[in-house]
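S.K.: So here's my_file.txt, just compact mmCIF, C-alpha atoms:
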```
# COMPACT_ATOMS: atom_id res chain seq x y z
CA MET A 355 -12.39 16.43 -0.90
CA THR A 356 -15.34 18.80 -0.67
CA THR A 357 -16.29 19.65 2.85
CA THR A 358 -19.48 21.65 2.81
CA ASN A 359 -21.29 19.74 0.12
CA THR A 360 -22.74 16.30 0.62
CA SER A 361 -23.52 15.78 -3.06
CA SER A 362 -22.29 12.91 -5.18
CA PRO A 363 -18.56 13.07 -5.94
CA ASP A 364 -16.85 14.62 -8.97
CA SER A 365 -16.97 11.22 -10.63
CA ALA A 366 -20.77 11.47 -11.20
CA THR A 367 -21.57 12.31 -14.81
CA ALA A 368 -24.28 14.52 -16.29
CA THR A 369 -26.18 11.43 -17.40
CA GLU A 370 -26.61 10.15 -13.86
CA TRP A 371 -29.74 10.92 -11.94
CA PRO A 372 -28.97 13.37 -9.11
CA LEU A 373 -28.72 12.21 -5.51
CA TRP A 374 -31.44 12.98 -2.97
CA GLU A 375 -31.40 12.65 0.82
CA VAL A 376 -34.52 11.11 2.37
CA PHE A 377 -36.13 12.05 5.68
CA VAL A 378 -39.04 10.08 7.13
CA ARG A 379 -41.42 10.90 9.97
CA SER A 380 -42.46 7.49 11.26
CA LYS A 381 -45.47 8.66 13.23
CA ALA A 382 -47.27 11.82 14.24
CA GLY A 383 -45.43 13.66 16.96
CA LEU A 384 -41.93 12.60 15.94
CA ASP A 385 -39.30 14.45 13.91
CA HIS A 386 -38.38 13.58 10.39
CA LYS A 387 -35.22 11.48 10.57
CA HIS A 388 -32.60 11.08 7.89
CA CYS A 389 -32.79 7.48 6.74
CA GLY A 390 -30.74 7.33 3.57
CA SER A 391 -30.42 8.51 0.01
CA LEU A 392 -31.40 7.55 -3.53
CA HIS A 393 -30.97 8.66 -7.12
CA ALA A 394 -33.98 10.10 -8.95
CA ALA A 395 -34.48 12.25 -12.05
CA ASP A 396 -36.75 14.80 -10.36
CA SER A 397 -38.52 15.56 -7.09
CA GLY A 398 -41.73 13.73 -7.99
CA MET A 399 -39.83 10.55 -8.73
CA ALA A 400 -37.69 11.07 -5.62
CA ILE A 401 -40.70 11.22 -3.30
CA GLN A 402 -42.30 8.15 -4.83
CA LEU A 403 -39.10 6.11 -4.75
CA ALA A 404 -38.44 7.23 -1.20
CA ARG A 405 -41.87 5.94 -0.22
CA ASP A 406 -41.20 2.67 -2.04
CA VAL A 407 -37.78 2.03 -0.58
CA TYR A 408 -37.81 3.56 2.89
CA THR A 409 -41.35 2.94 4.18
CA ARG A 410 -42.00 -0.68 3.24
CA ARG A 411 -42.85 -1.61 6.77
CA GLN A 412 -45.24 1.18 7.73
CA GLU A 413 -42.33 3.26 8.92
CA GLY A 414 -43.68 6.48 7.44
CA THR A 415 -46.43 9.05 7.79
CA SER A 416 -44.44 11.74 6.02
CA VAL A 417 -41.49 11.80 3.64
CA TRP A 418 -39.17 14.68 2.73
CA VAL A 419 -36.61 14.58 -0.03
CA VAL A 420 -33.88 17.13 -0.55
CA ARG A 421 -31.34 17.23 -3.36
CA SER A 422 -28.03 16.31 -1.73
CA ASP A 423 -26.26 19.29 -3.32
CA GLN A 424 -28.74 21.59 -1.54
CA ILE A 425 -27.56 20.46 1.86
CA VAL A 426 -25.07 22.69 3.62
CA ALA A 427 -22.96 20.86 6.14
CA SER A 428 -20.43 21.93 8.72
CA ASP A 429 -16.84 21.12 7.91
CA PRO A 430 -15.91 17.86 9.64
CA GLY A 431 -12.25 18.83 9.50
CA GLU A 432 -13.05 21.80 11.72
CA LYS A 433 -15.27 19.74 14.04
CA GLY A 434 -13.20 20.29 17.17
CA MET A 435 -12.87 24.03 16.74
CA TYR A 436 -16.41 24.58 15.53
CA PHE A 437 -18.13 22.91 18.46
CA ASP A 438 -15.56 23.95 21.04
CA PRO A 439 -17.53 26.93 22.41
CA SER A 440 -20.24 24.67 23.83
CA GLU A 441 -17.80 22.41 25.70
CA ASP A 442 -16.83 24.77 28.49
CA LYS A 443 -20.22 26.35 29.16
CA ILE A 444 -21.18 23.86 31.81
CA TYR A 445 -23.48 26.43 33.43
CA ARG A 446 -25.94 25.59 30.64
CA HIS A 447 -26.58 22.25 32.31
CA PRO A 448 -29.01 21.88 35.22
CA THR A 449 -26.48 19.74 37.12
CA PHE A 450 -24.17 22.76 37.48
CA TYR A 451 -26.49 24.14 40.15
CA VAL A 452 -26.39 22.44 43.55
CA LEU A 453 -29.65 23.05 45.39
CA PRO A 454 -30.98 21.92 48.77
CA ALA A 455 -32.47 18.44 48.62
CA ALA A 456 -35.93 19.74 49.45
CA VAL A 457 -36.09 21.65 46.13
CA ASP A 458 -33.75 19.53 44.01
CA HIS A 459 -36.58 18.16 41.88
CA MET A 460 -36.43 21.37 39.83
CA MET B 1410 -18.44 -13.26 2.69
CA TYR B 1411 -18.62 -10.00 0.84
CA THR B 1412 -14.89 -9.95 1.35
CA GLN B 1413 -14.67 -13.19 -0.67
CA ALA B 1414 -12.95 -11.55 -3.63
CA MET B 1415 -10.54 -9.73 -1.36
CA ASP B 1416 -9.86 -12.89 0.59
CA VAL B 1417 -8.65 -14.60 -2.56
CA MET B 1418 -6.57 -11.71 -3.89
CA GLY B 1419 -3.05 -10.96 -2.85
CA LYS B 1420 -2.36 -7.75 -0.98
CA ASP B 1421 -3.27 -4.61 -2.87
CA GLY B 1422 -0.37 -3.76 -5.19
CA GLY B 1423 -0.75 -0.01 -5.07
CA ASP B 1424 -0.26 0.55 -1.39
CA ALA B 1425 2.08 -2.14 -0.18
CA LYS B 1426 4.62 0.46 0.89
CA PRO B 1427 3.41 3.97 1.72
CA GLY B 1428 6.81 5.46 0.90
CA LEU B 1429 7.60 8.95 2.04
CA ARG B 1430 4.84 10.37 4.23
CA SER B 1431 4.58 13.84 5.64
CA ALA B 1432 4.58 14.40 9.37
CA GLU B 1433 1.00 15.65 9.09
CA GLU B 1434 -0.14 12.44 7.42
CA MET B 1435 1.58 10.31 10.05
CA GLN B 1436 -0.16 12.29 12.73
CA ARG B 1437 -3.53 11.86 11.02
CA GLN B 1438 -2.83 8.14 10.73
CA GLU B 1439 -2.10 7.93 14.45
CA GLN B 1440 -5.27 9.85 15.31
CA PHE B 1441 -7.25 7.61 12.97
CA ASP B 1442 -5.84 4.43 14.54
CA ALA B 1443 -6.64 5.79 17.99
CA ARG B 1444 -10.24 6.46 16.97
CA ILE B 1445 -10.57 2.93 15.62
CA ASP B 1446 -9.07 1.46 18.79
CA ALA B 1447 -11.47 3.53 20.90
CA GLY B 1448 -14.37 2.02 18.95
CA GLU B 1449 -15.36 5.32 17.37
CA PHE B 1450 -17.22 5.61 14.09
CA ILE B 1451 -15.67 7.11 10.97
CA GLU B 1452 -18.04 9.24 8.89
CA ALA B 1453 -17.92 9.97 5.17
CA LYS B 1454 -16.00 13.23 5.27
CA ASP B 1455 -13.51 12.25 8.00
CA TRP B 1456 -9.89 11.74 7.07
CA MET B 1457 -9.10 8.10 6.41
CA PRO B 1458 -6.13 6.17 5.05
CA ASP B 1459 -6.32 5.57 1.33
CA HIS B 1460 -6.20 1.80 1.77
CA TYR B 1461 -9.07 1.93 4.28
CA ARG B 1462 -11.16 3.84 1.74
CA LYS B 1463 -10.28 1.49 -1.13
CA THR B 1464 -10.92 -1.65 0.92
CA LEU B 1465 -14.32 -0.40 2.07
CA LEU B 1466 -15.30 0.82 -1.37
CA ARG B 1467 -14.54 -2.58 -2.81
CA GLN B 1468 -16.29 -4.50 -0.05
CA ILE B 1469 -19.41 -2.32 0.11
CA SER B 1470 -19.86 -2.14 -3.66
CA GLN B 1471 -19.45 -5.90 -3.96
CA HIS B 1472 -21.93 -6.36 -1.16
CA ALA B 1473 -24.35 -4.12 -3.12
CA HIS B 1474 -23.74 -6.09 -6.34
CA SER B 1475 -24.47 -9.29 -4.41
CA GLU B 1476 -27.87 -8.00 -3.34
CA ILE B 1477 -28.88 -7.03 -6.86
CA VAL B 1478 -27.57 -10.18 -8.53
CA GLY B 1479 -29.14 -12.13 -5.66
CA MET B 1480 -32.57 -11.01 -6.87
CA LEU B 1481 -32.15 -13.16 -9.97
CA PRO B 1482 -32.10 -16.76 -8.62
CA GLU B 1483 -35.24 -16.07 -6.61
CA GLY B 1484 -36.88 -13.88 -9.23
CA ASN B 1485 -36.81 -17.05 -11.31
CA TRP B 1486 -39.64 -18.55 -9.22
CA ILE B 1487 -41.99 -15.59 -8.74
CA THR B 1488 -44.23 -16.64 -11.62
CA ARG B 1489 -44.26 -20.25 -10.42
CA ALA B 1490 -44.81 -19.93 -6.66
CA PRO B 1491 -47.32 -22.60 -5.58
CA THR B 1492 -49.79 -20.25 -3.86
CA LEU B 1493 -50.69 -16.55 -3.86
CA LYS B 1494 -49.37 -16.25 -0.32
CA ARG B 1495 -45.96 -17.66 -1.31
CA LYS B 1496 -45.89 -15.45 -4.39
CA ALA B 1497 -46.56 -12.30 -2.38
CA ILE B 1498 -43.92 -13.32 0.17
CA LEU B 1499 -41.32 -14.03 -2.52
CA LEU B 1500 -42.08 -10.70 -4.22
CA ALA B 1501 -41.62 -8.89 -0.91
CA LYS B 1502 -38.30 -10.64 -0.30
CA VAL B 1503 -36.91 -9.88 -3.77
CA GLN B 1504 -38.12 -6.29 -3.41
CA ASP B 1505 -36.22 -6.07 -0.10
CA GLU B 1506 -33.02 -7.28 -1.81
CA GLY B 1507 -33.35 -4.46 -4.33
CA GLY B 1508 -33.69 -2.02 -1.46
CA HIS B 1509 -30.65 -3.50 0.27
CA GLY B 1510 -28.63 -2.99 -2.89
CA LEU B 1511 -29.68 0.65 -2.83
CA TYR B 1512 -28.66 1.21 0.81
CA LEU B 1513 -25.25 -0.29 0.05
CA TYR B 1514 -24.65 1.59 -3.21
CA ALA B 1515 -25.52 4.79 -1.33
CA ALA B 1516 -22.99 3.91 1.39
CA ALA B 1517 -20.34 3.08 -1.22
CA GLU B 1518 -20.94 6.36 -3.04
CA THR B 1519 -19.97 8.28 0.09
CA LEU B 1520 -16.45 6.92 -0.40
CA GLY B 1521 -15.91 8.58 -3.74
CA SER B 1522 -17.40 6.42 -6.46
CA SER B 1523 -20.44 6.93 -8.65
CA ARG B 1524 -23.23 4.46 -9.34
CA ASP B 1525 -22.29 4.30 -13.01
CA GLN B 1526 -18.65 3.51 -12.14
CA MET B 1527 -19.59 0.72 -9.79
CA LEU B 1528 -22.06 -0.83 -12.22
CA ASP B 1529 -19.50 -0.62 -14.99
CA ALA B 1530 -17.06 -2.55 -12.81
CA LEU B 1531 -19.71 -5.22 -12.24
CA HIS B 1532 -20.74 -5.47 -15.87
CA THR B 1533 -17.17 -5.76 -17.14
CA GLY B 1534 -16.34 -8.45 -14.60
CA LYS B 1535 -13.89 -6.31 -12.63
CA ALA B 1536 -16.05 -6.32 -9.53
CA LYS B 1537 -17.28 -9.52 -7.92
CA TYR B 1538 -20.40 -10.57 -6.08
CA SER B 1539 -20.98 -13.37 -3.62
CA SER B 1540 -20.25 -16.79 -5.15
CA ILE B 1541 -23.53 -18.26 -3.90
CA PHE B 1542 -25.60 -16.49 -6.52
CA ASN B 1543 -23.90 -18.38 -9.33
CA TYR B 1544 -25.89 -21.53 -8.55
CA PRO B 1545 -29.21 -22.39 -10.27
CA THR B 1546 -32.60 -22.57 -8.57
CA LEU B 1547 -34.01 -25.83 -9.87
CA THR B 1548 -37.15 -26.41 -7.78
CA TRP B 1549 -39.58 -24.59 -5.50
CA ALA B 1550 -37.78 -26.17 -2.55
CA ASP B 1551 -34.72 -24.13 -3.56
CA MET B 1552 -36.67 -21.02 -2.52
CA GLY B 1553 -37.18 -22.27 1.00
CA THR B 1554 -33.63 -23.58 1.18
CA ILE B 1555 -32.12 -20.29 0.04
CA GLY B 1556 -34.12 -18.45 2.70
CA TRP B 1557 -33.03 -20.88 5.38
CA LEU B 1558 -29.37 -21.42 4.49
CA VAL B 1559 -28.25 -18.55 2.26
CA ASP B 1560 -30.06 -15.77 4.11
CA GLY B 1561 -29.15 -17.51 7.37
CA ALA B 1562 -25.47 -17.33 6.46
CA ALA B 1563 -25.89 -13.73 5.31
CA ILE B 1564 -27.47 -12.76 8.63
CA MET B 1565 -24.62 -14.39 10.55
CA ASN B 1566 -22.15 -12.38 8.48
CA GLN B 1567 -24.07 -9.12 8.57
CA VAL B 1568 -24.84 -8.75 12.27
CA PRO B 1569 -21.19 -8.06 13.25
CA ILE B 1570 -20.91 -5.53 10.40
CA CYS B 1571 -23.55 -3.43 12.18
CA ARG B 1572 -20.56 -2.44 14.33
CA CYS B 1573 -18.22 -1.75 11.40
CA SER B 1574 -16.05 1.30 12.00
CA TYR B 1575 -17.31 2.99 8.84
CA ALA B 1576 -20.63 4.46 9.95
CA PRO B 1577 -22.51 4.68 6.64
CA TYR B 1578 -21.86 0.95 6.11
CA ALA B 1579 -22.83 0.14 9.70
CA ARG B 1580 -26.08 2.11 9.42
CA ALA B 1581 -26.98 0.40 6.16
CA MET B 1582 -26.31 -2.92 7.87
CA VAL B 1583 -28.63 -2.13 10.79
CA ARG B 1584 -31.43 -1.41 8.35
CA ILE B 1585 -30.68 -4.54 6.36
CA CYS B 1586 -30.54 -6.82 9.40
CA ARG B 1587 -33.95 -5.61 10.55
CA GLU B 1588 -35.42 -6.68 7.20
CA GLU B 1589 -33.35 -9.82 6.71
CA SER B 1590 -34.82 -11.81 9.59
CA PHE B 1591 -38.11 -12.37 7.75
CA HIS B 1592 -36.14 -13.68 4.77
CA GLN B 1593 -34.79 -16.59 6.74
CA ARG B 1594 -38.05 -17.26 8.59
CA GLN B 1595 -40.17 -17.36 5.44
CA GLY B 1596 -37.79 -19.86 3.84
CA TYR B 1597 -37.77 -22.12 6.85
CA ASP B 1598 -41.55 -21.83 7.11
CA ALA B 1599 -41.96 -22.92 3.48
CA LEU B 1600 -39.71 -25.94 4.04
CA LEU B 1601 -41.53 -26.85 7.24
CA THR B 1602 -44.82 -26.88 5.36
CA MET B 1603 -43.41 -29.26 2.75
CA MET B 1604 -41.74 -31.54 5.29
CA GLN B 1605 -44.65 -31.72 7.72
CA GLN B 1606 -47.66 -31.51 5.43
CA GLY B 1607 -46.23 -32.49 2.07
CA THR B 1608 -46.04 -35.65 0.02
CA ASP B 1609 -43.06 -37.99 -0.12
CA ALA B 1610 -42.11 -36.38 -3.41
CA GLN B 1611 -42.14 -32.91 -1.83
CA ARG B 1612 -40.05 -34.09 1.10
CA ALA B 1613 -37.57 -35.63 -1.34
CA MET B 1614 -37.51 -32.31 -3.21
CA VAL B 1615 -36.58 -30.48 -0.01
CA GLN B 1616 -33.81 -32.97 0.79
CA ASP B 1617 -32.47 -32.64 -2.76
CA ALA B 1618 -32.37 -28.84 -2.47
CA VAL B 1619 -30.53 -29.08 0.86
CA ASN B 1620 -28.04 -31.50 -0.68
CA ARG B 1621 -27.26 -28.99 -3.42
CA TRP B 1622 -27.14 -25.79 -1.33
CA TRP B 1623 -25.35 -26.92 1.84
CA TRP B 1624 -21.72 -26.81 0.73
CA PRO B 1625 -22.04 -23.60 -1.34
CA SER B 1626 -23.70 -21.99 1.69
CA ILE B 1627 -20.84 -22.71 4.05
CA MET B 1628 -18.42 -21.51 1.38
CA MET B 1629 -20.16 -18.14 1.59
CA PHE B 1630 -18.04 -17.31 4.63
CA GLY B 1631 -14.96 -17.24 2.45
CA PRO B 1632 -11.68 -19.15 2.60
CA PRO B 1633 -10.24 -20.44 5.88
CA ASP B 1634 -8.63 -17.79 8.06
CA ASP B 1635 -5.12 -18.96 7.24
CA GLN B 1636 -5.84 -18.43 3.53
CA SER B 1637 -7.32 -14.94 3.89
CA PRO B 1638 -4.35 -12.58 3.74
CA ASN B 1639 -6.40 -9.39 3.89
CA SER B 1640 -8.42 -10.37 6.95
CA ALA B 1641 -5.88 -9.12 9.48
CA GLN B 1642 -5.87 -5.59 8.10
CA SER B 1643 -9.68 -5.53 7.90
CA MET B 1644 -9.86 -6.65 11.54
CA ARG B 1645 -7.31 -4.00 12.58
CA TRP B 1646 -9.51 -1.35 11.04
CA GLY B 1647 -12.77 -2.56 12.53
CA ILE B 1648 -14.20 -3.44 9.12
CA LYS B 1649 -14.25 -7.13 9.82
CA ARG B 1650 -15.17 -8.03 13.38
CA VAL B 1651 -15.29 -11.82 13.32
CA SER B 1652 -13.14 -14.24 11.32
CA ASN B 1653 -14.41 -16.40 8.46
CA ASP B 1654 -13.91 -19.67 10.30
CA THR B 1655 -15.56 -18.43 13.50
CA LEU B 1656 -18.66 -17.33 11.60
CA ARG B 1657 -18.73 -20.54 9.62
CA GLN B 1658 -18.57 -22.64 12.79
CA LYS B 1659 -21.31 -20.59 14.42
CA PHE B 1660 -23.53 -21.04 11.36
CA ILE B 1661 -22.99 -24.79 11.22
CA ASP B 1662 -23.72 -25.23 14.92
CA ALA B 1663 -26.98 -23.28 14.64
CA THR B 1664 -28.07 -24.96 11.42
CA VAL B 1665 -27.58 -28.55 12.60
CA GLU B 1666 -30.28 -28.01 15.22
CA GLN B 1667 -32.59 -26.37 12.67
CA ALA B 1668 -32.09 -29.30 10.28
CA LYS B 1669 -33.18 -31.72 13.02
CA VAL B 1670 -36.46 -29.85 13.52
CA LEU B 1671 -37.07 -29.90 9.78
CA GLY B 1672 -36.26 -33.56 9.49
CA VAL B 1673 -33.62 -33.21 6.78
CA THR B 1674 -30.07 -34.51 6.81
CA LEU B 1675 -27.12 -32.30 5.95
CA PRO B 1676 -24.99 -33.89 3.23
CA ASP B 1677 -21.81 -34.20 5.30
CA PRO B 1678 -20.99 -37.65 6.73
CA ASP B 1679 -18.27 -36.08 8.91
CA LEU B 1680 -20.66 -33.69 10.62
CA GLN B 1681 -20.78 -34.55 14.31
CA TRP B 1682 -20.74 -32.95 17.73
CA ASN B 1683 -17.34 -32.67 19.35
CA GLU B 1684 -17.82 -32.68 23.12
CA GLU B 1685 -14.30 -31.39 23.78
CA ARG B 1686 -14.56 -28.41 21.41
CA GLN B 1687 -18.25 -27.85 22.20
CA HIS B 1688 -18.79 -27.37 18.47
CA HIS B 1689 -19.70 -29.54 15.49
CA ASP B 1690 -16.84 -31.01 13.50
CA TYR B 1691 -17.46 -30.91 9.78
CA GLY B 1692 -16.00 -32.40 6.65
CA ALA B 1693 -13.42 -30.96 4.31
CA ILE B 1694 -14.73 -28.22 2.03
CA ASP B 1695 -13.89 -28.53 -1.65
CA TRP B 1696 -12.22 -25.16 -2.05
CA SER B 1697 -11.38 -25.85 -5.68
CA GLU B 1698 -15.09 -25.46 -6.41
CA PHE B 1699 -15.10 -22.12 -4.59
CA TRP B 1700 -12.10 -20.78 -6.55
CA ARG B 1701 -13.68 -21.91 -9.82
CA VAL B 1702 -17.03 -20.32 -9.14
CA ILE B 1703 -15.65 -17.03 -7.90
CA GLY B 1704 -13.25 -17.02 -10.82
CA GLY B 1705 -16.16 -17.03 -13.24
CA ASP B 1706 -16.64 -20.73 -13.94
CA GLY B 1707 -19.74 -21.50 -11.88
CA PRO B 1708 -23.00 -22.93 -13.27
CA CYS B 1709 -24.69 -19.54 -13.71
CA ASN B 1710 -22.02 -16.85 -13.81
CA GLU B 1711 -22.53 -16.07 -17.46
CA GLU B 1712 -26.32 -16.06 -17.14
CA ARG B 1713 -26.30 -13.81 -14.07
CA LEU B 1714 -23.98 -11.20 -15.52
CA GLY B 1715 -25.77 -11.37 -18.87
CA ALA B 1716 -29.08 -10.65 -17.17
CA ARG B 1717 -27.62 -7.63 -15.35
CA VAL B 1718 -25.97 -6.21 -18.46
CA LYS B 1719 -29.17 -6.66 -20.45
CA ALA B 1720 -31.24 -4.93 -17.78
CA TRP B 1721 -28.79 -2.01 -17.78
CA GLU B 1722 -28.73 -1.69 -21.56
CA ASP B 1723 -32.47 -2.22 -22.05
CA GLY B 1724 -33.17 0.37 -19.37
CA ALA B 1725 -31.00 3.09 -20.88
CA TRP B 1726 -33.92 4.78 -22.62
CA VAL B 1727 -35.80 4.98 -19.32
CA ARG B 1728 -32.90 6.69 -17.57
CA GLU B 1729 -32.41 9.11 -20.44
CA ALA B 1730 -36.12 9.84 -20.86
CA ALA B 1731 -36.53 10.54 -17.16
CA LEU B 1732 -33.67 13.03 -17.23
CA ALA B 1733 -34.99 14.67 -20.40
CA HIS B 1734 -38.44 14.97 -18.84
CA ALA B 1735 -36.96 16.45 -15.68
CA ALA B 1736 -34.91 18.96 -17.63
CA LYS B 1737 -37.96 19.99 -19.66
CA HIS B 1738 -39.97 20.74 -16.54
CA ALA B 1739 -37.15 22.08 -14.38
CA PRO B 1740 -37.65 25.82 -15.01
CA ALA B 1741 -41.32 25.47 -13.95
CA GLN B 1742 -40.26 23.62 -10.78
CA ALA B 1743 -37.66 26.23 -9.91
CA ALA B 1744 -40.20 29.03 -10.24
CA ALA B 1745 -42.84 27.22 -8.16
```
Take the structure in the file and write it out as structure tokens.

M.R.:
Amino acid sequence: MTTTNTSSPDSATATEWPLWEVFVRSKAGLDHKHCGSLHAADSGMAIQLARDVYTRRQEGTSVWVVRSDQIVASDPGEKGMYFDPSEDKIYRHPTFYVLPAAVDHM
Amino acid sequence: MYTQAMDVMGKDGGDAKPGLRSAEEMQRQEQFDARIDAGEFIEAKDWMPDHYRKTLLRQISQHAHSEIVGMLPEGNWITRAPTLKRKAILLAKVQDEGGHGLYLYAAAETLGSSRDQMLDALHTGKAKYSSIFNYPTLTWADMGTIGWLVDGAAIMNQVPICRCSYAPYARAMVRICREESFHQRQGYDALLTMMQQGTDAQRAMVQDAVNRWWWPSIMMFGPPDDQSPNSAQSMRWGIKRVSNDTLRQKFIDATVEQAKVLGVTLPDPDLQWNEERQHHDYGAIDWSEFWRVIGGDGPCNEERLGARVKAWEDGAWVREAALAHAAKHAPAQAAA
């Protein structure tokens, strides 16, 4: 199984439309969120189809599409090791620091 | 209900006995089981037992097929909806079903199948779809009845799947459930209009539709628990959260009350409240009809599959042309 590539599997043929990941910003001020994927022949079609399928209920002010094979992903098999360094650095959290009650609102 | 085909099959031949397994695989299996027991989600690239993958791939792809084939019985009435409002509503509903099919195909593809492979399985009859879509839509009242009963049953089945252990399926389900609620409400609303403001003929039409769709709707939940050999494994893996019979009972209890408000009778003389059980007793289901329909011998099986195959074949030139167009303009896009 491929680990760093989220594209469609080896079983996809050259006659299939490529896979695209869709990201939608639902309203101004928010991030784009991944909401799904779809097949389209090119980027123009991908954007239009993404609008048609993923924003039917006014859930979108902005849509991004990215070809799935362009996405680089961390290896889920190495998840534990890869994210380990952040687990024992508890001094990054505000709760690590005990302060007098009078100033604890910091 | 999307496990219908698996409910009626025997256990999967290929993986009845795992045979020799390496120590590493056994350890992965144990870790996997522990994650399931802890209620954790499995993502697409996580290790998973082969049987888990195959079971999910079959269930999700058949769920997707059901959505797409399900567009056909209702698509039948778009040109004949009685008012512009009803036409727009029906269009929106059928459009939603297409979208639901997409979410589910996308989820299924994460398990190692391609769209073409899944559609080929559908078109050659190897893959199934929910039995309910093999029945004809004979009157406008069928539209309201399908929304009320068929979508109602689907919602009851789909809500627990929002907590399925396989995350892509669960996420698709959350999206679907959000959209599905209007499907049932619009159907019930249409029936209410006919029952409360309609003529005697329209009320009779509603009752006739209910008479035809009731039993197939409760069959949607699949065979009784003691005749569903694959249910136990699906429950163990967090794919199936609630049993067929439990869901069916819940649906019947809810629907009896809704039928009273509508003023229709449900065509089951044995349907009555059981004070001891605190549930409605209901009559014997004719499972021979279910086996026949899911086996390919329902009223519309041939027509449904024929329509899908024709759409696929007639649309080939569109798929090819789009790819050719994209290829022609690709160098310009890359440079831009």

S.K.: Measuring between all atoms listed in the file, which one of B:Arg1430, B:Val1673, B:Trp1456, B:Trp1557 shows the shortest distance to A:Glu432?

M.R.: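 Counting all atoms listed in the file, the residue closest to A:Glu432 is B:Trp1456.
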
S.K.: Taking only C-alpha atoms into account, produce a table as JSON lines in which each residue of stretch 377-445 of chain A with an atom at most 10 Å from an atom of stretch 1511-1532 of chain B appears once, together with its shortest atom pair and the distance in Å to one decimal, ordered by chain and rising number.

M.R.:
```
{"residue": "A:Cys389", "atom": "CA", "partner": "B:Tyr1512", "partner_atom": "CA", "distance": 9.6}
{"residue": "A:Gly390", "atom": "CA", "partner": "B:Tyr1512", "partner_atom": "CA", "distance": 7.0}
{"residue": "A:Ser391", "atom": "CA", "partner": "B:Ala1515", "partner_atom": "CA", "distance": 6.3}
{"residue": "A:Leu392", "atom": "CA", "partner": "B:Ala1515", "partner_atom": "CA", "distance": 6.9}
{"residue": "A:His393", "atom": "CA", "partner": "B:Ala1515", "partner_atom": "CA", "distance": 8.8}
{"residue": "A:Val407", "atom": "CA", "partner": "B:Leu1511", "partner_atom": "CA", "distance": 8.5}
{"residue": "A:Tyr408", "atom": "CA", "partner": "B:Tyr1512", "partner_atom": "CA", "distance": 9.7}
```

S.K.: Compare B:Ile1477, B:Val1718, B:Ala1501, B:Ile1661 by their minimum atom-to-atom distance to B:Leu1680, counting only C-alpha atoms, and give me the closest one.

M.R.: B:Ile1661

S.K.: Between B:Val1568, B:Trp1646, B:Ala1725, B:Arg1587, which one has atoms that come closest to A:Glu370, using all atoms listed in the file?

M.R.: B:Ala1725

S.K.: Between atom CA of B:Asp1459 and atom CA of B:Gly1534, measure the distance and give it in Å to one decimal.

M.R.: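 Here the two named atoms are 23.5 Å from each other.
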
S.K.: Compare B:Arg1621, B:Arg1489, B:Arg1495, B:Lys1454 by their minimum atom-to-atom distance to chain A, counting all atoms listed in the file, and give me the closest one.

M.R.: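 The answer is B:Lys1454, which sits nearest to chain A.
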
S.K.: Please determine, counting all atoms listed in the file, which residue among B:Ser1540, B:Met1628, B:Arg1584, B:Ser1640 has the shortest atom-to-atom distance to B:Ile1703.

M.R.: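 Among B:Ser1540, B:Met1628, B:Arg1584, B:Ser1640, it is B:Ser1540 that comes nearest to B:Ile1703.
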
S.K.: Tell me, in Å to one decimal, how far atom CA of B:Thr1664 is from atom CA of B:Gln1606.

M.R.: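 We find that atom CA of B:Thr1664 and atom CA of B:Gln1606 lie 21.5 Å from each other.
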